[in-house]
Each structure stands twice: as C-alpha cells, then as structure tokens.
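Everything below belongs to input_30.txt, which stores compact mmCIF, C-alpha atoms.
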# COMPACT_ATOMS: atom_id res chain seq x y z
CA MET A 872 4.48 41.18 9.02
CA ILE A 873 7.16 38.55 8.38
CA ALA A 874 4.52 35.82 8.04
CA ALA A 875 2.54 37.96 5.59
CA SER A 876 5.69 38.63 3.57
CA LYS A 877 6.47 34.91 3.39
CA ALA A 878 2.91 34.11 2.35
CA ALA A 879 3.18 36.63 -0.49
CA SER A 880 6.52 35.30 -1.74
CA GLU A 881 5.68 31.63 -1.13
CA PRO A 882 2.02 31.05 -2.12
CA TRP A 883 2.00 27.48 -0.81
CA ARG A 884 2.01 28.89 2.74
CA ARG A 885 -1.57 30.05 2.28
CA ARG A 886 -2.58 26.42 1.80
CA LEU A 887 -1.39 25.49 5.29
CA TYR A 888 -4.67 26.69 6.81
CA ILE A 889 -7.17 25.76 4.09
CA PRO A 890 -9.42 22.73 4.86
CA ASN A 891 -8.13 20.10 2.48
CA TYR A 892 -8.18 16.69 4.20
CA GLN A 893 -11.12 14.47 5.09
CA ILE A 894 -11.09 13.06 8.61
CA ARG A 895 -11.15 9.50 7.23
CA ASP A 896 -8.00 10.19 5.24
CA ALA A 897 -6.25 11.79 8.22
CA ALA A 898 -7.14 8.74 10.31
CA ARG A 899 -5.81 6.37 7.64
CA TYR A 900 -2.56 8.28 7.28
CA ALA A 901 -2.03 8.34 11.06
CA HIS A 902 -3.09 4.69 11.52
CA VAL A 903 -5.87 5.48 13.98
CA SER A 904 -9.65 5.22 13.73
CA THR A 905 -11.90 8.05 12.59
CA GLN A 906 -13.62 7.79 15.98
CA THR A 907 -10.30 8.40 17.73
CA VAL A 908 -9.56 11.48 15.62
CA ALA A 909 -13.05 12.80 16.34
CA ALA A 910 -12.58 12.20 20.08
CA TRP A 911 -9.29 14.10 20.08
CA HIS A 912 -11.26 17.18 18.94
CA LYS A 913 -14.50 16.73 20.90
CA ILE A 914 -15.12 18.94 23.92
CA GLY A 915 -16.21 16.88 26.91
CA ASP A 916 -14.55 13.67 25.72
CA GLU A 917 -11.88 12.46 28.14
CA ARG A 918 -9.61 11.89 25.14
CA GLN A 919 -9.80 15.47 23.85
CA LEU A 920 -6.32 16.75 22.98
CA LEU A 921 -6.95 19.20 20.14
CA PRO A 922 -9.28 22.22 19.61
CA GLU A 923 -12.93 21.48 18.88
CA ARG A 924 -13.93 21.19 15.24
CA ALA A 925 -17.23 20.53 13.44
CA SER A 926 -17.82 16.82 12.86
CA ARG A 927 -18.01 17.12 9.06
CA GLU A 928 -15.44 19.88 8.66
CA SER A 929 -12.33 19.10 6.62
CA LEU A 930 -8.89 19.48 8.17
CA SER A 931 -6.15 21.90 7.22
CA TYR A 932 -2.53 20.82 6.77
CA MET A 933 -1.70 22.25 10.22
CA GLN A 934 -4.51 20.25 11.83
CA LEU A 935 -3.39 17.15 9.95
CA ILE A 936 0.16 17.43 11.29
CA GLU A 937 -1.13 17.91 14.84
CA ILE A 938 -3.06 14.65 14.48
CA ALA A 939 0.06 12.97 13.12
CA VAL A 940 2.21 14.14 16.05
CA VAL A 941 -0.39 13.04 18.60
CA ALA A 942 -0.61 9.63 16.90
CA ALA A 943 3.19 9.31 16.88
CA ALA A 944 3.38 10.23 20.56
CA ARG A 945 0.67 7.71 21.42
CA LYS A 946 2.50 5.04 19.45
CA ALA A 947 5.66 5.89 21.44
CA GLY A 948 3.75 5.20 24.66
CA PHE A 949 2.83 8.69 25.86
CA LYS A 950 -0.29 9.08 27.96
CA LEU A 951 -3.11 11.30 26.76
CA LYS A 952 -2.77 13.64 29.75
CA ASP A 953 0.95 14.14 29.09
CA ILE A 954 0.37 14.92 25.40
CA ALA A 955 -2.38 17.37 26.37
CA ALA A 956 -0.07 19.00 28.94
CA ALA A 957 2.73 19.38 26.39
CA ARG A 958 0.44 20.97 23.82
CA ALA A 959 -1.13 23.34 26.36
CA TYR A 960 2.29 24.43 27.64
CA ALA A 961 3.67 25.09 24.14
CA ALA A 962 0.49 26.87 23.04
CA ASP A 963 0.64 29.17 26.06
CA GLN A 964 4.38 29.80 26.24
CA LEU A 965 4.94 30.21 22.49
CA LYS A 966 1.55 31.77 21.69
CA SER A 967 1.01 29.09 19.08
CA GLU A 968 -2.34 28.04 17.58
CA PHE A 969 -0.95 24.75 16.25
CA PRO A 970 2.06 23.99 18.49
CA PHE A 971 2.50 20.40 17.36
CA ALA A 972 2.72 21.58 13.73
CA GLU A 973 4.60 24.83 14.29
CA HIS A 974 7.37 23.57 16.59
CA SER A 975 9.58 20.48 16.62
CA PHE A 976 9.41 18.29 19.71
CA LYS A 977 11.79 15.66 21.01
CA MET A 978 11.02 12.88 23.47
CA ASN A 979 12.62 10.51 25.96
CA GLY A 980 9.77 8.05 26.50
CA ARG A 981 8.25 10.03 29.38
CA ASP A 982 8.31 13.69 28.37
CA LEU A 983 8.04 15.88 25.28
CA PHE A 984 10.67 18.63 24.95
CA LEU A 985 11.20 21.87 23.04
CA ASP A 986 14.48 23.58 22.16
CA TYR A 987 15.31 26.21 24.81
CA LYS A 988 16.46 28.55 22.01
CA LYS A 989 12.78 29.24 21.32
CA TRP A 990 12.88 31.32 24.52
CA ASP A 991 16.54 32.42 24.50
CA PRO A 992 18.21 32.55 21.04
CA SER A 993 21.60 32.96 22.72
CA ALA A 994 21.27 29.73 24.71
CA GLY A 995 23.87 27.05 24.18
CA ALA A 996 23.17 24.05 21.99
CA GLY A 997 21.47 21.01 23.43
CA ARG A 998 19.41 22.66 26.19
CA LEU A 999 15.75 21.66 26.16
CA VAL A 1000 12.58 22.50 28.06
CA SER A 1001 10.10 19.82 29.08
CA ALA A 1002 6.62 20.75 27.82
CA THR A 1003 5.07 17.96 29.89
CA GLN A 1004 6.82 19.05 33.10
CA ASN A 1005 6.14 22.82 32.96
CA GLY A 1006 9.58 23.92 31.82
CA GLN A 1007 11.92 21.42 33.47
CA MET A 1008 15.33 21.49 31.75
CA ALA A 1009 17.06 18.55 30.05
CA TRP A 1010 19.90 17.84 27.66
CA GLU A 1011 19.42 16.78 24.06
CA GLU A 1012 21.81 13.81 24.12
CA ILE A 1013 19.33 11.66 26.05
CA LEU A 1014 16.45 12.23 23.67
CA GLY A 1015 15.07 10.84 20.44
CA GLN A 1016 13.24 12.71 17.69
CA LEU A 1017 9.89 12.28 16.01
CA LYS A 1018 11.64 10.95 12.93
CA GLU A 1019 8.59 10.97 10.67
CA PHE A 1020 8.72 14.76 10.46
CA GLU A 1021 11.08 17.23 8.78
CA TYR A 1022 10.97 20.82 10.01
CA GLU A 1023 11.59 24.15 8.30
CA ASP A 1024 15.06 25.42 9.26
CA GLY A 1025 15.38 22.27 11.37
CA ASN A 1026 13.11 23.61 14.09
CA GLY A 1027 10.11 25.46 12.61
CA ILE A 1028 6.93 24.28 10.89
CA ALA A 1029 6.70 20.58 10.07
CA LEU A 1030 6.90 20.81 6.29
CA ARG A 1031 7.23 17.12 5.49
CA TRP A 1032 5.53 14.14 7.07
CA HIS A 1033 6.84 10.74 5.98
CA VAL A 1034 3.34 9.37 6.09
CA GLY A 1035 4.50 5.97 4.88
CA GLY A 1036 6.84 5.70 7.88
CA HIS A 1037 10.39 6.81 8.61
CA GLY A 1038 12.54 6.07 5.55
CA SER A 1039 9.52 5.62 3.26
CA PRO A 1040 9.50 7.51 -0.07
CA VAL A 1041 5.84 8.43 0.53
CA PHE A 1042 5.38 11.80 2.21
CA ILE A 1043 3.03 14.77 2.56
CA ASP A 1044 4.49 18.21 1.87
CA PRO A 1045 2.28 21.30 1.36
CA ARG A 1046 4.72 22.54 -1.29
CA LEU A 1047 4.18 19.50 -3.52
CA ALA A 1048 1.13 17.90 -5.18
CA PHE A 1049 -1.16 20.35 -3.32
CA GLY A 1050 -0.43 18.49 -0.09
CA ALA A 1051 -1.47 15.03 -1.31
CA PRO A 1052 0.58 11.96 -0.33
CA ASN A 1053 3.23 11.68 -3.03
CA VAL A 1054 6.55 10.27 -4.17
CA LYS A 1055 8.90 12.96 -5.49
CA GLY A 1056 5.89 15.16 -6.29
CA VAL A 1057 3.82 12.43 -7.99
CA PRO A 1058 0.57 11.84 -6.05
CA THR A 1059 0.13 8.28 -4.87
CA TRP A 1060 -3.46 8.35 -6.17
CA ALA A 1061 -2.09 8.92 -9.68
CA LEU A 1062 0.23 5.91 -9.38
CA LYS A 1063 -2.69 3.84 -8.11
CA GLY A 1064 -4.73 4.94 -11.13
CA ARG A 1065 -2.05 3.63 -13.46
CA TRP A 1066 -2.01 0.31 -11.60
CA VAL A 1067 -5.79 0.03 -11.80
CA ALA A 1068 -5.51 0.73 -15.54
CA GLY A 1069 -3.32 -2.37 -15.84
CA ASP A 1070 0.23 -0.99 -15.84
CA SER A 1071 2.98 -2.81 -13.97
CA PRO A 1072 5.11 -1.11 -11.28
CA LYS A 1073 8.05 -1.22 -13.70
CA GLU A 1074 6.09 0.55 -16.44
CA ILE A 1075 4.77 3.15 -14.01
CA ALA A 1076 8.27 3.75 -12.64
CA GLU A 1077 9.71 4.30 -16.11
CA ASP A 1078 7.00 6.79 -17.08
CA TYR A 1079 7.44 8.90 -13.93
CA ALA A 1080 11.22 8.54 -13.61
CA LEU A 1081 10.83 6.80 -10.25
CA SER A 1082 12.41 3.66 -8.89
CA LYS A 1083 10.31 0.50 -9.05
CA GLY A 1084 10.67 0.16 -5.28
CA ALA A 1085 9.27 3.65 -4.69
CA VAL A 1086 6.27 2.90 -6.90
CA GLU A 1087 5.64 -0.34 -5.03
CA LYS A 1088 5.76 1.49 -1.68
CA ALA A 1089 3.29 4.07 -3.01
CA LEU A 1090 0.91 1.37 -4.23
CA GLU A 1091 1.13 -0.44 -0.90
CA PHE A 1092 0.35 2.86 0.85
CA GLU A 1093 -2.76 3.12 -1.36
CA GLY A 1094 -3.87 -0.31 -0.21
CA ILE A 1095 -2.78 -2.27 -3.28
CA ASP A 1096 -1.84 -5.91 -2.67
CA LEU A 1097 0.96 -6.42 -5.19
CA ARG A 1098 0.64 -10.17 -4.85
CA GLN A 1099 -2.63 -9.84 -6.75
CA SER A 1100 -2.53 -9.49 -10.54
CA ASN A 1101 -4.10 -6.45 -12.20
CA GLU A 1102 -4.28 -8.12 -15.63
CA TRP A 1103 -8.06 -8.49 -15.37
CA VAL A 1104 -8.40 -4.75 -15.91
CA HIS A 1105 -7.33 -5.05 -19.56
Encoding of this model in structure tokens:
Amino acid sequence: MIAASKAASEPWRRRLYIPNYQIRDAARYAHVSTQTVAAWHKIGDERQLLPERASRESLSYMQLIEIAVVAAARKAGFKLKDIAAARAYAADQLKSEFPFAEHSFKMNGRDLFLDYKKWDPSAGAGRLVSATQNGQMAWEEILGQLKEFEYEDGNGIALRWHVGGHGSPVFIDPRLAFGAPNVKGVPTWALKGRWVAGDSPKEIAEDYALSKGAVEKALEFEGIDLRQSNEWVH
C-alpha cells in the first residue's frame, strides 16, 4: 500500500520497472561487454548472476542498477560465486526482486554486507550482516561503500548512479531526463548533439548554465575526443 501511494504521488517511480535501456547501452555504462551482460542473465551459463531475461528485451532501471552493482563488485575483485551468494541471500531474507537495486551494500574486499537495521530497526548503528557469509556479523568501520551509487534515505533504492565514475558530473537518475545519462538534468546525448553541430564546450556550457568542465566530461562520456576539432561540421 505504501509503495502504491508513493507511485501515485511520485510518478517517476512507475518508470523504475519499465524497459528503457538497451543491453548495449547498459554494457557501455558499466564498462563490460554485451556478451558478459547476457551471460549474467542466461540460465545454464556458469556466469549467471541475475534472473533470466529475453535476449532482445530492454532493461528496466532496476535491472540496469543491478548490472551496475555487479560490475562494480567485479571491478573490486569479488568472485562471481560470492556476488551470486550475496544476491541470493538478500533476495531471500528481504523478499526483494531486485536486491542490488533496492538495498545498499557495503564491502571489505571479501564480503558484501547489509545494514542490520533492515532486520531490526532498533539495532545500534554500525552493525552489519554479511550477505556472502549467510548472516555473519561485522562492524561498519572496517568497510568501504559502493561510492558510485546514492541511495534513497541513505539506505533504500539506488536513485543515482554516477555512471561517469565517482565524482563525475554524469549520472543516471530515474527522476531526471527520463533516466538518461545527464548532467544536472541535461541529457548527455543533447550535449553531444550540440558538439556535432559545431558548438564549442564553452558555448554549450553557457547555453545550458553548466560549467565547461562538466560539458567536457559529458562529451567524453559520449565518446567524443575533444582533441579533435569539430569545425568540419560547419
């Protein structure tokens, strides 16, 4: 009932589950191959980590974030079996369809952890449960966070993915630009279009009230080599 109430008052929540991302784009954003993303969803593949999906089916925002978290965990050195164990534990214990998107995880290089308050709201601060070790307890001080993600209320749904990397102005947020990669609500594809039309980063920045540095980061995210001139377009 609470979820339905939120969806009614905040229409963007309905977009969380609508297929909106091509697998090739998800792979590019997460810096993995399309074959890897497909394998993570394919039943029978030893690399399967996520629920099966049709090969040509687009991804929802929730599915996109799950891919992003898996990619971040792999980049941090986690083994496939440990990531799979963490997801299965969280899905079962928290009755979650998309645990990597619906709950914030922390890590220490070997294990993925969840805040113990998800089970006991009265628990003291800093107590964590290992999702890779079937509920083993730990303390928050020894852990790092998946810094690319910002969570609702600090611990709920991942509502912002800094897809350009931690500290980058480029992010994906379902509340802005219909979930497209953007800078302060301006889609990166729109900034790329201006560049292709012959405008300089400075001119683009002035028109959108953005910093020149942010525009340059957005163009680099879109694959633009700023060392190359775009004057030929004119």
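The gap separating CA of Leu935 (chain A) from CA of Ala897 (chain A) is 6.3 Å, in Å to one decimal.
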Region 1080-1088 of chain A surroundings by all atoms listed in the file, 9 Å radius, close-in-sequence under 3 positions cut, as a PyMOL selection string: chain A and resi 1035+1039-1041+1054-1055+1059+1062+1072-1077+1091-1093+1095+1097
### Close residues, region 922-931 of chain A itself excluded, 6 Å, all atoms listed in the file, min 4 positions apart in chain, as an MDAnalysis selection string
chainID A and resid 888:893 912:913
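Taking CA of Ala957 (chain A) and CA of His1037 (chain A) as the two end points, the separation is 23.1 Å.
Between CA of Trp990 (chain A) and CA of Arg884 (chain A) the interatomic distance comes to 24.5 Å.
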Of A:Lys988, A:Ala944, A:Tyr932, A:Pro882, the one sitting nearest Pro1052 (chain A) when using all atoms listed in the file is A:Tyr932
Do a neighbour search on Tyr900 (chain A) at 12 Å with all atoms listed in the file, toss out local chain neighbours closer than 2 positions, and write the hits as a ChimeraX atom specification. /A:892-898,902-905,908,935-936,938-940,942-943,1019,1032-1036,1041-1043,1051-1052,1092-1094
Missing atoms in region 954-976 of chain A: can you complete it with N, CA and C atoms, as a compact mmCIF listing (two decimals), keeping the file's coordinate frame?
# COMPACT_ATOMS: atom_id res chain seq x y z
N ILE A 954 0.40 14.26 26.72
CA ILE A 954 0.37 14.92 25.40
C ILE A 954 -0.42 16.22 25.50
N ALA A 955 -1.55 16.16 26.20
CA ALA A 955 -2.38 17.37 26.37
C ALA A 955 -1.61 18.44 27.13
N ALA A 956 -0.85 18.04 28.15
CA ALA A 956 -0.07 19.00 28.94
C ALA A 956 1.01 19.64 28.09
N ALA A 957 1.67 18.85 27.25
CA ALA A 957 2.73 19.38 26.39
C ALA A 957 2.17 20.38 25.39
N ARG A 958 1.03 20.05 24.81
CA ARG A 958 0.44 20.97 23.82
C ARG A 958 -0.01 22.26 24.49
N ALA A 959 -0.64 22.15 25.66
CA ALA A 959 -1.13 23.34 26.36
C ALA A 959 0.04 24.25 26.76
N TYR A 960 1.12 23.64 27.22
CA TYR A 960 2.29 24.43 27.64
C TYR A 960 2.89 25.17 26.45
N ALA A 961 3.08 24.47 25.33
CA ALA A 961 3.67 25.09 24.14
C ALA A 961 2.75 26.16 23.57
N ALA A 962 1.45 25.89 23.55
CA ALA A 962 0.49 26.87 23.04
C ALA A 962 0.53 28.15 23.85
N ASP A 963 0.63 28.00 25.17
CA ASP A 963 0.64 29.17 26.06
C ASP A 963 1.99 29.91 26.00
N GLN A 964 3.07 29.17 26.14
CA GLN A 964 4.38 29.80 26.24
C GLN A 964 4.85 30.39 24.91
N LEU A 965 4.48 29.76 23.81
CA LEU A 965 4.94 30.21 22.49
C LEU A 965 3.84 30.92 21.71
N LYS A 966 2.68 31.10 22.33
CA LYS A 966 1.55 31.77 21.69
C LYS A 966 1.28 31.16 20.31
N SER A 967 1.13 29.86 20.33
CA SER A 967 1.01 29.09 19.08
C SER A 967 -0.38 28.46 18.97
N GLU A 968 -1.02 28.64 17.81
CA GLU A 968 -2.34 28.04 17.58
C GLU A 968 -2.23 26.55 17.29
N PHE A 969 -1.15 26.16 16.61
CA PHE A 969 -0.95 24.75 16.25
C PHE A 969 0.45 24.32 16.71
N PRO A 970 0.70 24.24 18.00
CA PRO A 970 2.06 23.99 18.49
C PRO A 970 2.70 22.71 17.99
N PHE A 971 1.91 21.65 17.82
CA PHE A 971 2.50 20.40 17.36
C PHE A 971 2.91 20.46 15.88
N ALA A 972 2.35 21.41 15.14
CA ALA A 972 2.72 21.58 13.73
C ALA A 972 3.74 22.68 13.54
N GLU A 973 3.75 23.65 14.45
CA GLU A 973 4.60 24.83 14.29
C GLU A 973 5.95 24.71 14.98
N HIS A 974 6.12 23.70 15.84
CA HIS A 974 7.37 23.57 16.59
C HIS A 974 7.79 22.10 16.67
N SER A 975 9.08 21.85 16.55
CA SER A 975 9.58 20.48 16.62
C SER A 975 9.74 20.06 18.08
N PHE A 976 9.29 18.86 18.37
CA PHE A 976 9.41 18.29 19.71
C PHE A 976 10.37 17.10 19.68
